[in-house]
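K.L.:
Below is the file protein.txt, which contains compact mmCIF, C-alpha atoms and all ligand atoms.
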# COMPACT_ATOMS: atom_id res chain seq x y z
CA MET W 10 0.00 0.00 0.00
CA ARG W 11 1.37 3.39 -0.89
CA ASN W 12 2.01 5.95 1.81
CA ASN W 13 -0.76 8.23 0.62
CA ARG W 14 -3.33 5.41 0.80
CA ILE W 15 -2.12 4.59 4.31
CA TRP W 16 -2.68 8.21 5.31
CA ALA W 17 -6.17 8.20 3.82
CA ARG W 18 -6.89 5.15 5.98
CA ILE W 19 -5.39 6.75 9.11
CA LEU W 20 -7.47 9.90 8.63
CA GLY W 21 -10.58 7.84 7.88
CA VAL W 22 -11.50 10.15 5.01
CA GLU W 23 -13.77 9.15 2.16
CA LYS W 24 -14.04 10.52 -1.35
CA THR W 25 -10.65 12.12 -0.75
CA VAL W 26 -7.31 11.79 -2.51
CA VAL W 27 -4.17 12.26 -0.41
CA GLU W 28 -1.61 14.20 -2.44
CA GLY W 29 1.27 14.37 -0.01
CA VAL W 30 2.35 14.36 3.62
CA GLU W 31 4.95 16.53 5.28
CA PHE W 32 6.08 17.83 8.64
CA ASP W 33 5.32 21.40 9.59
CA ASP W 34 8.45 22.62 11.34
CA ASP W 35 6.60 25.52 12.98
CA THR W 36 3.92 23.47 14.69
CA GLY W 37 5.79 20.15 14.88
CA GLY W 38 2.74 18.43 13.40
CA VAL W 39 1.91 16.51 10.25
CA VAL W 40 0.26 18.30 7.31
CA VAL W 41 -1.62 16.07 4.90
CA SER W 42 -2.44 17.70 1.55
CA VAL W 43 -5.64 16.37 0.03
CA ARG W 44 -8.26 17.04 -2.64
CA PRO W 45 -11.80 15.75 -3.01
CA THR W 46 -12.32 13.02 -5.62
CA LEU W 47 -13.75 14.15 -8.94
CA ARG W 48 -17.32 13.23 -8.00
CA ALA W 49 -17.13 15.05 -4.66
CA ARG W 50 -15.76 18.23 -6.19
CA SER W 51 -17.69 21.41 -7.18
CA ARG W 52 -20.61 20.90 -4.87
CA CYS W 53 -22.46 23.45 -2.75
CA GLY W 54 -21.23 23.36 0.86
CA VAL W 55 -24.79 23.66 2.15
CA CYS W 56 -26.90 21.38 -0.08
CA ARG W 57 -24.14 19.43 -1.85
CA ARG W 58 -25.76 20.00 -5.23
CA ARG W 59 -23.28 20.10 -8.12
CA CYS W 60 -22.61 23.76 -9.04
CA PRO W 61 -20.38 25.78 -11.34
CA GLY W 62 -17.18 27.17 -9.83
CA TYR W 63 -16.98 30.81 -8.77
CA ASP W 64 -13.40 31.55 -7.62
CA GLY W 65 -10.49 30.20 -5.61
CA GLY W 66 -11.96 31.45 -2.31
CA ALA W 67 -9.44 32.16 0.44
CA GLY W 68 -6.81 29.82 -1.03
CA ARG W 69 -5.36 26.92 0.96
CA ARG W 70 -7.19 26.05 4.16
CA ARG W 71 -6.46 23.77 7.09
CA TRP W 72 -8.71 21.48 9.11
CA ARG W 73 -7.61 19.91 12.33
CA ALA W 74 -7.81 16.11 12.27
CA LEU W 75 -7.45 13.56 15.08
CA ASP W 76 -3.88 13.27 16.34
CA ALA W 77 -1.79 10.40 15.03
CA GLY W 78 -0.37 9.10 18.28
CA LEU W 79 1.19 12.11 19.95
CA THR W 80 1.52 14.16 16.78
CA THR W 81 -1.05 16.70 15.71
CA VAL W 82 -2.40 16.25 12.20
CA VAL W 83 -3.99 18.84 9.95
CA ILE W 84 -5.56 18.39 6.55
CA GLU W 85 -4.72 21.04 3.98
CA ALA W 86 -6.58 21.67 0.75
CA TRP W 87 -7.85 24.34 -1.60
CA ALA W 88 -11.19 25.79 -0.59
CA PRO W 89 -12.72 27.21 -3.78
CA ARG W 90 -16.14 28.80 -3.96
CA VAL W 91 -19.08 27.75 -6.11
CA VAL W 92 -22.35 29.40 -7.12
CA CYS W 93 -25.40 27.49 -5.93
CA ARG W 94 -28.84 28.17 -7.41
CA GLU W 95 -30.30 28.24 -3.93
CA HIS W 96 -27.46 29.35 -1.65
CA GLY W 97 -25.53 31.78 -3.86
CA VAL W 98 -21.76 32.03 -3.62
CA VAL W 99 -20.57 29.53 -1.01
CA VAL W 100 -17.40 27.65 -0.14
CA ALA W 101 -17.49 24.27 -1.90
CA HIS W 102 -18.30 21.11 0.04
CA VAL W 103 -15.38 19.04 1.32
CA PRO W 104 -15.97 15.37 2.16
CA TRP W 105 -13.80 15.35 5.28
CA ALA W 106 -15.43 18.19 7.22
CA ARG W 107 -18.77 19.86 7.89
CA HIS W 108 -19.56 23.11 6.11
CA GLY W 109 -17.85 26.02 7.84
CA ALA W 110 -16.03 23.77 10.32
CA GLY W 111 -12.34 24.01 11.17
CA HIS W 112 -12.16 20.37 12.29
CA THR W 113 -12.68 17.10 10.42
CA ARG W 114 -15.86 15.06 10.86
CA ARG W 115 -13.99 12.40 12.82
CA PHE W 116 -12.61 15.06 15.14
CA ASP W 117 -16.12 16.49 15.64
CA GLU W 118 -17.59 13.07 16.37
CA THR W 119 -14.86 12.23 18.88
CA ILE W 120 -15.38 15.54 20.69
CA ALA W 121 -19.16 15.01 20.79
CA TRP W 122 -18.72 11.54 22.26
CA LEU W 123 -16.22 12.78 24.84
CA ALA W 124 -18.37 15.77 25.80
CA THR W 125 -21.27 13.45 26.65
CA HIS W 126 -19.05 11.08 28.66
CA CYS W 127 -16.24 13.03 30.30
CA SER W 128 -15.62 16.12 32.34
CA LYS W 129 -14.96 19.46 30.74
CA SER W 130 -11.31 19.44 31.78
CA ALA W 131 -10.76 15.88 30.49
CA VAL W 132 -12.13 16.80 27.04
CA CYS W 133 -10.08 20.01 26.78
CA GLU W 134 -6.89 18.43 28.09
CA LEU W 135 -7.05 15.27 26.01
CA MET W 136 -8.07 16.93 22.74
CA GLN W 137 -6.21 20.22 23.26
CA VAL W 138 -9.22 22.38 22.47
CA ALA W 139 -10.93 25.29 24.21
CA TRP W 140 -14.29 24.57 25.83
CA ARG W 141 -15.92 27.14 23.56
CA THR W 142 -14.69 25.18 20.55
CA VAL W 143 -16.29 22.08 22.07
CA GLY W 144 -19.51 24.13 22.22
CA SER W 145 -19.45 24.94 18.51
CA ILE W 146 -18.59 21.34 17.60
CA VAL W 147 -21.38 19.89 19.74
CA ASP W 148 -23.72 22.39 18.12
CA ARG W 149 -23.00 21.28 14.56
CA VAL W 150 -22.95 17.57 15.44
CA TRP W 151 -26.41 17.89 16.98
CA ALA W 152 -27.66 19.85 13.93
CA ASP W 153 -26.58 16.88 11.77
CA THR W 154 -27.96 14.24 14.15
CA GLU W 155 -31.30 16.00 14.46
CA ARG W 156 -31.87 15.66 10.73
CA THR W 157 -31.58 11.88 10.83
CA PHE W 158 -34.65 11.07 12.92
CA ASP W 159 -38.10 12.26 13.95
CA ARG W 160 -37.81 13.22 17.60
CA PHE W 161 -41.55 13.67 18.06
CA ALA W 162 -42.52 10.21 16.81
CA GLY W 163 -45.05 8.53 19.09
CA LEU W 164 -45.03 11.31 21.67
CA ARG W 165 -47.92 10.75 24.14
CA ARG W 166 -46.95 11.70 27.68
CA ILE W 167 -44.71 14.69 28.15
CA GLY W 168 -43.16 16.67 30.98
CA ILE W 169 -42.56 20.40 30.67
CA ASP W 170 -40.00 22.05 32.87
CA GLU W 171 -37.94 25.19 33.28
CA ILE W 172 -34.27 24.94 34.13
CA SER W 173 -31.97 27.73 35.21
CA TYR W 174 -28.47 28.15 33.90
CA LYS W 175 -25.80 30.87 34.16
CA LYS W 176 -26.22 30.77 37.94
CA GLY W 177 -29.96 31.31 37.78
CA HIS W 178 -29.91 34.34 35.49
CA LYS W 179 -31.20 32.56 32.41
CA TYR W 180 -33.67 29.80 31.75
CA LEU W 181 -34.35 26.95 29.36
CA THR W 182 -37.76 25.42 28.78
CA VAL W 183 -37.43 21.69 28.25
CA VAL W 184 -39.82 18.93 27.19
CA VAL W 185 -39.25 15.31 28.21
CA ASP W 186 -40.93 12.16 26.85
CA HIS W 187 -42.13 10.25 29.91
CA ASP W 188 -42.43 6.95 28.06
CA SER W 189 -38.90 6.82 26.70
CA GLY W 190 -37.27 9.00 29.35
CA ARG W 191 -35.74 11.10 26.58
CA LEU W 192 -35.27 14.81 26.29
CA VAL W 193 -37.33 15.83 23.25
CA TRP W 194 -36.95 19.55 22.98
CA ALA W 195 -35.32 22.52 24.70
CA ALA W 196 -35.24 26.24 24.01
CA GLU W 197 -33.96 29.39 25.62
CA GLY W 198 -36.42 31.39 27.72
CA ARG W 199 -39.29 30.62 30.03
CA ASN W 200 -42.55 32.10 28.95
CA ALA W 201 -45.67 31.22 27.03
CA ASP W 202 -44.11 32.16 23.67
CA THR W 203 -41.12 29.88 24.20
CA LEU W 204 -43.44 26.97 24.93
CA ARG W 205 -45.70 27.82 22.00
CA GLY W 206 -42.59 27.34 19.84
CA PHE W 207 -42.60 23.68 20.88
CA PHE W 208 -46.27 23.13 20.10
CA ASP W 209 -45.87 24.92 16.76
CA LEU W 210 -43.09 22.53 15.86
CA LEU W 211 -45.17 19.57 17.02
CA GLY W 212 -48.11 20.58 14.84
CA SER W 213 -51.79 20.41 15.64
CA GLU W 214 -52.23 16.78 14.62
CA ARG W 215 -49.59 15.58 17.06
CA CYS W 216 -50.73 17.98 19.80
CA ALA W 217 -54.04 16.12 19.71
CA GLN W 218 -52.21 12.85 20.43
CA ILE W 219 -50.69 14.13 23.66
CA THR W 220 -52.55 12.41 26.51
CA HIS W 221 -50.68 13.55 29.64
CA VAL W 222 -48.68 16.62 30.54
CA THR W 223 -46.73 17.07 33.75
CA ALA W 224 -45.40 20.44 34.78
CA ASP W 225 -44.56 22.46 37.84
CA ALA W 226 -47.09 24.97 39.12
CA ALA W 227 -46.13 27.78 36.69
CA PRO W 228 -49.38 29.30 35.38
CA TRP W 229 -47.89 30.15 31.96
CA ILE W 230 -47.26 26.46 31.30
CA ALA W 231 -50.79 25.55 32.36
CA ASN W 232 -52.24 28.25 30.06
CA VAL W 233 -50.35 27.15 26.97
CA VAL W 234 -51.13 23.48 27.62
CA THR W 235 -54.85 24.24 27.96
CA GLU W 236 -54.67 26.26 24.76
CA ARG W 237 -52.84 23.64 22.66
CA CYS W 238 -53.70 20.27 24.26
CA PRO W 239 -57.11 20.83 25.87
CA GLU W 240 -57.78 17.07 26.03
CA ALA W 241 -54.58 16.13 27.85
CA VAL W 242 -54.65 15.19 31.55
CA ARG W 243 -52.61 17.70 33.49
CA CYS W 244 -50.45 16.26 36.26
CA ALA W 245 -48.15 17.77 38.86
CA ASP W 246 -44.50 17.02 38.30
CA PRO W 247 -43.47 14.86 41.28
CA PHE W 248 -39.91 16.12 40.95
CA HIS W 249 -41.06 19.66 41.69
CA VAL W 250 -43.37 18.74 44.53
CA VAL W 251 -40.51 16.93 46.26
CA ALA W 252 -38.24 19.88 45.46
CA TRP W 253 -40.67 22.22 47.27
CA ALA W 254 -40.44 20.00 50.36
CA THR W 255 -36.66 19.84 50.08
CA ALA W 256 -36.47 23.63 49.89
CA ALA W 257 -38.72 23.88 52.96
CA VAL W 258 -36.43 21.56 54.98
CA ASP W 259 -33.44 23.64 53.99
CA LYS W 260 -35.17 26.79 55.15
CA VAL W 261 -35.96 25.19 58.51
CA ARG W 262 -32.33 24.06 58.77
CA ARG W 263 -31.00 27.57 58.14
CA GLY W 264 -33.33 28.96 60.81
CA ALA W 265 -32.18 26.31 63.31
CA TRP W 266 -28.55 27.06 62.55
CA ASN W 267 -29.00 30.80 63.03
CA ARG W 268 -30.76 30.27 66.35
CA ALA W 269 -28.09 27.86 67.64
CA ARG W 270 -25.32 30.19 66.49
CA ALA W 271 -26.88 33.19 68.20
CA LYS W 272 -26.94 31.32 71.51
CA ALA W 273 -23.38 29.98 71.26
CA LEU W 274 -20.67 31.76 73.27
CA PRO W 275 -18.32 33.90 71.23
CA ARG W 276 -15.29 31.86 70.36
CA LYS W 277 -12.26 34.02 71.02
CA GLN W 278 -12.69 35.52 74.44
CA PHE W 279 -9.03 35.33 75.42
CA GLY W 280 -7.17 36.24 72.26
CA THR W 281 -5.73 33.75 69.86
CA ARG W 282 -2.35 33.10 71.45
CA GLY W 283 -1.41 31.19 74.55
CA ARG W 284 -3.36 28.80 76.70
CA PRO W 285 -6.76 30.04 77.89
CA PRO W 286 -7.19 30.46 81.68
CA ALA W 287 -7.95 27.20 83.47
CA GLY W 288 -11.59 26.12 83.39
CA THR W 289 -12.69 28.39 80.55
CA GLY W 290 -11.14 27.21 77.27
CA ASN W 291 -12.30 23.67 76.64
CA ALA W 292 -15.66 23.70 78.34
CA PRO W 293 -18.11 22.21 75.80
CA ASP W 294 -20.71 24.67 74.63
CA PRO W 295 -23.91 22.76 73.72
CA HIS W 296 -25.19 25.59 71.53
CA ARG W 297 -22.01 25.72 69.52
CA GLU W 298 -22.05 21.96 69.08
CA ARG W 299 -25.63 22.05 67.95
CA ALA W 300 -24.82 24.85 65.50
CA ILE W 301 -22.01 22.75 64.02
CA VAL W 302 -24.21 19.65 63.70
CA VAL W 303 -27.00 21.65 62.06
CA LYS W 304 -24.61 23.44 59.73
CA LYS W 305 -23.09 20.20 58.50
CA SER W 306 -26.41 18.42 58.10
CA ARG W 307 -27.43 19.99 54.79
CA TRP W 308 -26.79 16.99 52.51
CA ALA W 309 -27.87 14.45 55.10
CA LEU W 310 -31.26 16.19 55.21
CA LEU W 311 -31.64 16.78 51.48
CA LYS W 312 -30.45 13.50 50.00
CA ASN W 313 -32.71 10.49 49.59
CA PRO W 314 -32.07 8.16 52.56
CA GLU W 315 -30.98 5.30 50.30
CA ASN W 316 -28.10 7.46 49.02
CA LEU W 317 -26.76 8.54 52.40
CA THR W 318 -23.19 7.79 53.39
CA GLY W 319 -22.57 6.23 56.81
CA LYS W 320 -21.45 9.59 58.16
CA GLN W 321 -24.56 11.36 56.86
CA ALA W 322 -26.79 8.72 58.44
CA GLY W 323 -24.99 9.44 61.73
CA THR W 324 -25.62 13.16 61.27
CA LEU W 325 -29.33 12.45 60.92
CA LEU W 326 -29.32 10.61 64.25
CA LEU W 327 -27.59 13.58 65.88
CA ILE W 328 -30.19 15.93 64.41
CA GLU W 329 -32.92 13.77 65.91
CA LEU W 330 -31.35 14.28 69.34
CA GLU W 331 -30.24 17.89 68.97
CA ASP W 332 -33.11 19.47 67.06
CA PRO W 333 -36.41 17.57 67.07
CA THR W 334 -38.17 20.29 65.02
CA LEU W 335 -35.65 20.07 62.21
CA HIS W 336 -35.92 16.31 62.34
CA ARG W 337 -39.71 16.54 62.09
CA ALA W 338 -39.31 18.73 59.00
CA TYR W 339 -37.06 16.04 57.53
CA LEU W 340 -39.65 13.34 58.21
CA LEU W 341 -42.35 15.45 56.61
CA LYS W 342 -40.24 15.82 53.47
CA GLU W 343 -39.46 12.11 53.33
CA SER W 344 -43.03 10.99 53.85
CA LEU W 345 -44.22 13.31 51.08
CA ARG W 346 -41.62 11.76 48.80
CA LEU W 347 -42.85 8.29 49.71
CA VAL W 348 -46.42 9.18 48.68
CA PHE W 349 -45.17 9.24 45.07
CA GLN W 350 -43.98 5.67 45.36
CA MET W 351 -47.37 4.33 46.42
CA ARG W 352 -50.26 2.82 44.50
CA HIS W 353 -52.97 5.35 43.70
CA GLU W 354 -55.51 4.16 46.34
CA ASP W 355 -52.86 4.16 49.07
CA ALA W 356 -51.54 7.53 47.93
CA ILE W 357 -54.98 9.17 48.30
CA VAL W 358 -55.10 8.13 51.96
CA ALA W 359 -51.43 8.89 52.60
CA LEU W 360 -51.58 12.34 51.03
CA ASN W 361 -54.63 13.23 53.12
CA ARG W 362 -52.84 12.12 56.27
CA TRP W 363 -49.77 14.05 55.27
CA ILE W 364 -51.82 17.23 54.78
CA GLY W 365 -53.35 16.78 58.24
CA TRP W 366 -49.94 16.21 59.81
CA ALA W 367 -48.33 19.18 58.05
CA ARG W 368 -51.22 21.48 59.00
CA ARG W 369 -50.64 20.71 62.69
CA CYS W 370 -46.83 20.48 62.64
CA ARG W 371 -46.20 24.04 63.87
CA ILE W 372 -43.36 24.52 61.39
CA PRO W 373 -44.38 27.59 59.36
CA GLU W 374 -42.49 26.43 56.23
CA PHE W 375 -44.45 23.18 56.16
CA VAL W 376 -47.77 24.76 57.02
CA ALA W 377 -47.25 26.92 53.92
CA LEU W 378 -46.18 23.93 51.84
CA GLN W 379 -49.30 22.09 52.99
CA ARG W 380 -51.41 24.90 51.50
CA SER W 381 -49.75 24.54 48.08
CA ILE W 382 -50.16 20.78 48.25
CA VAL W 383 -53.88 21.20 48.91
CA THR W 384 -54.13 23.55 45.90
CA HIS W 385 -52.42 21.00 43.64
CA GLN W 386 -53.82 17.88 45.28
CA ASP W 387 -55.77 16.77 42.20
CA SER W 388 -52.88 17.07 39.80
CA ILE W 389 -50.55 15.37 42.28
CA LEU W 390 -52.92 12.41 42.56
CA ALA W 391 -53.37 12.41 38.77
CA ALA W 392 -49.59 12.00 38.37
CA ILE W 393 -49.67 9.02 40.71
CA GLU W 394 -52.77 7.51 39.10
CA HIS W 395 -51.23 7.63 35.62
CA GLY W 396 -47.88 6.26 36.74
CA LEU W 397 -46.02 9.51 36.15
CA SER W 398 -44.47 9.44 39.57
CA ASN W 399 -41.54 7.21 38.80
CA GLY W 400 -37.90 7.91 39.49
CA ARG W 401 -37.23 8.35 35.78
CA ILE W 402 -38.59 11.89 35.76
CA GLU W 403 -36.30 12.74 38.62
CA SER W 404 -33.35 11.10 36.90
CA VAL W 405 -33.84 13.01 33.61
CA ASN W 406 -34.28 16.26 35.52
CA THR W 407 -31.14 15.66 37.52
CA LYS W 408 -29.16 14.83 34.37
CA ILE W 409 -30.30 17.98 32.56
CA ARG W 410 -29.31 20.08 35.55
CA LEU W 411 -25.92 18.38 35.60
CA ILE W 412 -25.38 19.19 31.92
CA THR W 413 -26.26 22.85 32.41
CA ARG W 414 -23.50 22.99 34.98
CA VAL W 415 -21.00 21.25 32.68
CA ALA W 416 -21.97 23.48 29.77
CA PHE W 417 -21.26 26.64 31.73
CA GLY W 418 -18.77 28.59 29.62
CA PHE W 419 -20.30 27.79 26.24
CA ARG W 420 -20.81 30.94 24.25
CA SER W 421 -24.44 30.33 23.38
CA PRO W 422 -27.38 28.50 24.92
CA ASP W 423 -27.62 26.63 21.59
CA ALA W 424 -24.47 24.71 22.47
CA LEU W 425 -25.88 23.88 25.89
CA ILE W 426 -29.10 22.65 24.27
CA ALA W 427 -27.11 20.64 21.72
CA LEU W 428 -25.08 18.96 24.46
CA ALA W 429 -28.24 18.13 26.40
CA MET W 430 -29.97 16.77 23.30
CA LEU W 431 -26.95 14.65 22.33
CA GLY W 432 -26.62 13.31 25.84
CA LEU W 433 -30.30 12.72 26.65
CA GLY W 434 -32.15 12.74 23.33
CA GLY W 435 -31.81 9.00 22.71
CA HIS W 436 -29.37 9.36 19.79
CA PRO W 437 -26.00 9.55 21.52
CA PRO W 438 -22.88 10.38 19.48
CA GLN W 439 -20.87 7.36 18.33
CA LEU W 440 -17.10 7.17 18.31
CA PRO W 441 -15.92 7.21 14.68
CA GLY W 442 -14.82 3.91 13.17
CA ARG W 443 -16.34 1.76 15.92
CA ASN W 444 -19.34 0.34 14.11
CA HIS W 445 -18.00 -3.21 14.27
CA PRO W 446 -18.64 -5.29 17.42
CA ARG W 447 -16.03 -4.95 20.12
CA ARG W 448 -13.27 -7.53 19.86
ZN ZN Y 1 -26.81 24.92 -2.20
Would you mind writing the structure in this file as structure tokens?
P.N.:
Amino acid sequence: MRNNRIWARILGVEKTVVEGVEFDDDTGGVVVSVRPTLRARSRCGVCRRRCPGYDGGAGRRRWRALDAGLTTVVIEAWAPRVVCREHGVVVAHVPWARHGAGHTRRFDETIAWLATHCSKSAVCELMQVAWRTVGSIVDRVWADTERTFDRFAGLRRIGIDEISYKKGHKYLTVVVDHDSGRLVWAAEGRNADTLRGFFDLLGSERCAQITHVTADAAPWIANVVTERCPEAVRCADPFHVVAWATAAVDKVRRGAWNRARAKALPRKQFGTRGRPPAGTGNAPDPHRERAIVVKKSRWALLKNPENLTGKQAGTLLLIELEDPTLHRAYLLKESLRLVFQMRHEDAIVALNRWIGWARRCRIPEFVALQRSIVTHQDSILAAIEHGLSNGRIESVNTKIRLITRVAFGFRSPDALIALAMLGLGGHPPQLPGRNHPRR
């Protein structure tokens, strides 16, 4: 096999002729000069239709390819322009890269796979790219993937949610398919118009096929759903109801901590140096100890009990001894969470009992929560009746929130949406050249 054919194989390029390979002394990398095969030449970069040539464009161009071992590799070729009937004067299509991209397809695909599997720093370090570049790559890979399938096929039961990003300054509206557990759609913003964008895309025929919609208590979601899917059963999103309870526990915890801290003796009565006078320094201060226990109890109180570490379980026991009110708040949160794991008939009874308990609990945060639960009682029970109370909703929600944190630093929300869709949309990126079974 001739060297040039070996290089074509290494690069994994199709419809491409390798003309030569040389070292670039400036960058220390390999430069592979290529040209498209005759059939792949003179095509519009957007629609790939065959078009007449226009001019030489910006001359020679380079695309970064996957490294060969420890050596960087770039592809170099002419990038002429053509005149397309539909798209006007555009840079001609090249078989090895997406239109307008500075990286080869294989490079793009590898980055997309890594971005959905690894940490931000691992991707950037391994591939030697900036995180913003990863954002643009993920964006164009998703645009290509999206075209290959119908993401609204068979959509019946959906969940609508709003998710904050950029530290709570901006929001995405997302739609999840409850039956497949996939993320179906996401867009920037959180208002009725954003959500209408989804239903417009879905079309009236498919709107009519939607049978169940879960959402948090936001009135704008309820209004749009009533407007577009009047027949659908509206259910409370269990994830949000539990999140309300979790927020209430945290509020109670902060109050308990502030009270314990206020009662604790000031720490440095005798200066910082030297031994404190006998009988004053090491005397245990119960208020201080309680403040420390309460302060460190955040995760123990908020996590699901099955996920607690041994230490966190111990903290819970201490809370039970040190602060019975805070512990009661924790039990209220947990028992509300358990309601969603019950059968419908049992849940009706349990939710009623819970409301009675919360009304009399003398914890203002939970008395208030009890009022919201009463308001949304019907839609909460509807979620349980129709089996929309499973852990899957929580798991998708948690994953989306995780991605918004990872995607922090992308230039546009489009890249964040693309990463979320690639990771949770049911069509994950594949590593290039791995379509054969693993040996
Ligand atoms: Zn075109």
K.L.:
Out of W:Gln218, W:Ser51, W:Asn361, W:Thr80, which residue has the shortest atom-to-atom distance to ligand ZN 1 (chain Y) when counting only C-alpha atoms and all ligand atoms?
P.N.:
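Answer, going by the shortest atom-to-atom distance: W:Ser51.
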K.L.:
For W:Arg165, work out the shell of residues within 8 Å, counting only C-alpha atoms and skipping chain neighbours fewer than 2 positions away, then give it as a PyMOL selection string.
P.N.:
chain W and resi 163+167+186+188+218-221
K.L.:
Report as a count of residues only which protein, DNA and RNA residues come within 7 Å of ligand ZN 1 (chain Y), using only C-alpha atoms and all ligand atoms.
P.N.:
10
K.L.:
Using all atoms listed in the file for the distances, tell me which of W:Ala17, W:Ile393, W:Ala322, W:Leu164 is nearest to W:Met351.
P.N.:
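Looking at the shortest contact to W:Met351, the residue is W:Ile393.
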K.L.:
Which distance in Å separates atom CA of W:Val40 and atom CA of W:Gly68, to one decimal?
P.N.:
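Result for atom CA of W:Val40 versus atom CA of W:Gly68: 15.9 Å, one decimal.
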K.L.:
Identify which of the residues W:Ile146, W:Ala252, W:Leu123, W:Ala300 lies closest to W:Thr407, counting all atoms listed in the file when measuring atom-to-atom distances.
P.N.:
W:Ala252
K.L.:
Using all atoms listed in the file, which of W:Arg237, W:Arg191, W:Arg352, W:Arg420 sits nearest W:Arg205?
P.N.:
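Among the listed residues, the smallest separation from W:Arg205 belongs to W:Arg237.
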K.L.:
What does the distance from atom CA of W:Thr81 to atom CA of W:Val41 come to in Å, to one decimal?
P.N.:
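Value for the atom CA of W:Thr81-atom CA of W:Val41 distance: 10.8 Å.
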K.L.:
Skipping near chain neighbours, those fewer than 2 positions away, what residues fall within 7 Å of stretch 303-307 of chain W using only C-alpha atoms, listed as an MDAnalysis selection string?
P.N.:
chainID W and resid 262 266 299:301 309:311 324 328
K.L.:
Around the point (-21.7, 30.6, -9.1) in the file's coordinates, collect all residues with an atom within 6 Å, using only C-alpha atoms, and return them as a PyMOL selection string.
P.N.:
chain W and resi 61-63+91-93+98
K.L.:
Between W:Asn13, W:Thr25, W:Ser404, W:Thr255, which one has atoms that come closest to W:Trp105, using only C-alpha atoms?
P.N.:
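Going through W:Asn13, W:Thr25, W:Ser404, W:Thr255 one by one, the smallest distance to W:Trp105 is for W:Thr25.
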K.L.:
List the neighbours of W:Asp76 out to 10 Å using all atoms listed in the file; skip same-chain residues closer than 2 positions along the sequence, and give me the result as a ChimeraX atom specification.
P.N.:
/W:19-20,38-39,73-74,78-83,116,136
K.L.:
Can you measure atom CA of W:Gly198 to atom CA of W:Cys244 for me? One decimal in Å is fine.
P.N.:
22.3 Å
K.L.:
Choose the residue, out of W:Arg166, W:Thr223, W:Cys370, W:Gln439, that has the smallest atom-to-atom separation from W:Pro333; count all atoms listed in the file.
P.N.:
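Going through W:Arg166, W:Thr223, W:Cys370, W:Gln439 one by one, the smallest distance to W:Pro333 is for W:Cys370.
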K.L.:
Give as number ranges by chain the set of residues within 10 Å of the point (-39.6, 10.8, 34.6), where distances use the file's coordinates and all atoms listed in the file.
P.N.:
W: 167-168, 185-191, 223, 246-248, 396-406
K.L.:
Produce a file of the selected residues containing C-alpha atoms, as a PDB file, in the frame of the given file.
P.N.:
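Listing of out07.pdb after writing:
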ATOM      1  CA  ILE W 167     -44.710  14.690  28.150  1.00  0.00           C
ATOM      2  CA  GLY W 168     -43.160  16.670  30.980  1.00  0.00           C
ATOM      3  CA  VAL W 185     -39.250  15.310  28.210  1.00  0.00           C
ATOM      4  CA  ASP W 186     -40.930  12.160  26.850  1.00  0.00           C
ATOM      5  CA  HIS W 187     -42.130  10.250  29.910  1.00  0.00           C
ATOM      6  CA  ASP W 188     -42.430   6.950  28.060  1.00  0.00           C
ATOM      7  CA  SER W 189     -38.900   6.820  26.700  1.00  0.00           C
ATOM      8  CA  GLY W 190     -37.270   9.000  29.350  1.00  0.00           C
ATOM      9  CA  ARG W 191     -35.740  11.100  26.580  1.00  0.00           C
ATOM     10  CA  THR W 223     -46.730  17.070  33.750  1.00  0.00           C
ATOM     11  CA  ASP W 246     -44.500  17.020  38.300  1.00  0.00           C
ATOM     12  CA  PRO W 247     -43.470  14.860  41.280  1.00  0.00           C
ATOM     13  CA  PHE W 248     -39.910  16.120  40.950  1.00  0.00           C
ATOM     14  CA  GLY W 396     -47.880   6.260  36.740  1.00  0.00           C
ATOM     15  CA  LEU W 397     -46.020   9.510  36.150  1.00  0.00           C
ATOM     16  CA  SER W 398     -44.470   9.440  39.570  1.00  0.00           C
ATOM     17  CA  ASN W 399     -41.540   7.210  38.800  1.00  0.00           C
ATOM     18  CA  GLY W 400     -37.900   7.910  39.490  1.00  0.00           C
ATOM     19  CA  ARG W 401     -37.230   8.350  35.780  1.00  0.00           C
ATOM     20  CA  ILE W 402     -38.590  11.890  35.760  1.00  0.00           C
ATOM     21  CA  GLU W 403     -36.300  12.740  38.620  1.00  0.00           C
ATOM     22  CA  SER W 404     -33.350  11.100  36.900  1.00  0.00           C
ATOM     23  CA  VAL W 405     -33.840  13.010  33.610  1.00  0.00           C
ATOM     24  CA  ASN W 406     -34.280  16.260  35.520  1.00  0.00           C
TER      25      ASN W 406
END
K.L.:
Leaving out W:Leu345 and any residue of its chain fewer than 2 positions from it, which residues lie within 8 Å of it when counting all atoms listed in the file, given as JSON, numbers by chain?
P.N.:
{"W": [251, 254, 341, 342, 343, 347, 348, 349, 360, 363]}
K.L.:
Taking all atoms of stretch 118-126 of chain W that appear in the file, build a box with edges along x, y and z, extend it by 8 Å on every side, and state its centre and edge lengths in Å to one decimal, as AutoDock Vina command-line options.
P.N.:
--center_x -18.1 --center_y 13.4 --center_z 22.5 --size_x 22.4 --size_y 20.7 --size_z 28.3
K.L.:
Would you mind exporting stretch 194-204 of chain W with C-alpha atoms, as a short mmCIF file (atom, residue, chain, number, x, y, z; two decimals), in the first residue's frame?
P.N.:
data_model
loop_
_atom_site.label_atom_id
_atom_site.label_comp_id
_atom_site.auth_asym_id
_atom_site.auth_seq_id
_atom_site.Cartn_x
_atom_site.Cartn_y
_atom_site.Cartn_z
CA TRP W 194 -36.95 19.55 22.98
CA ALA W 195 -35.32 22.52 24.70
CA ALA W 196 -35.24 26.24 24.01
CA GLU W 197 -33.96 29.39 25.62
CA GLY W 198 -36.42 31.39 27.72
CA ARG W 199 -39.29 30.62 30.03
CA ASN W 200 -42.55 32.10 28.95
CA ALA W 201 -45.67 31.22 27.03
CA ASP W 202 -44.11 32.16 23.67
CA THR W 203 -41.12 29.88 24.20
CA LEU W 204 -43.44 26.97 24.93
#
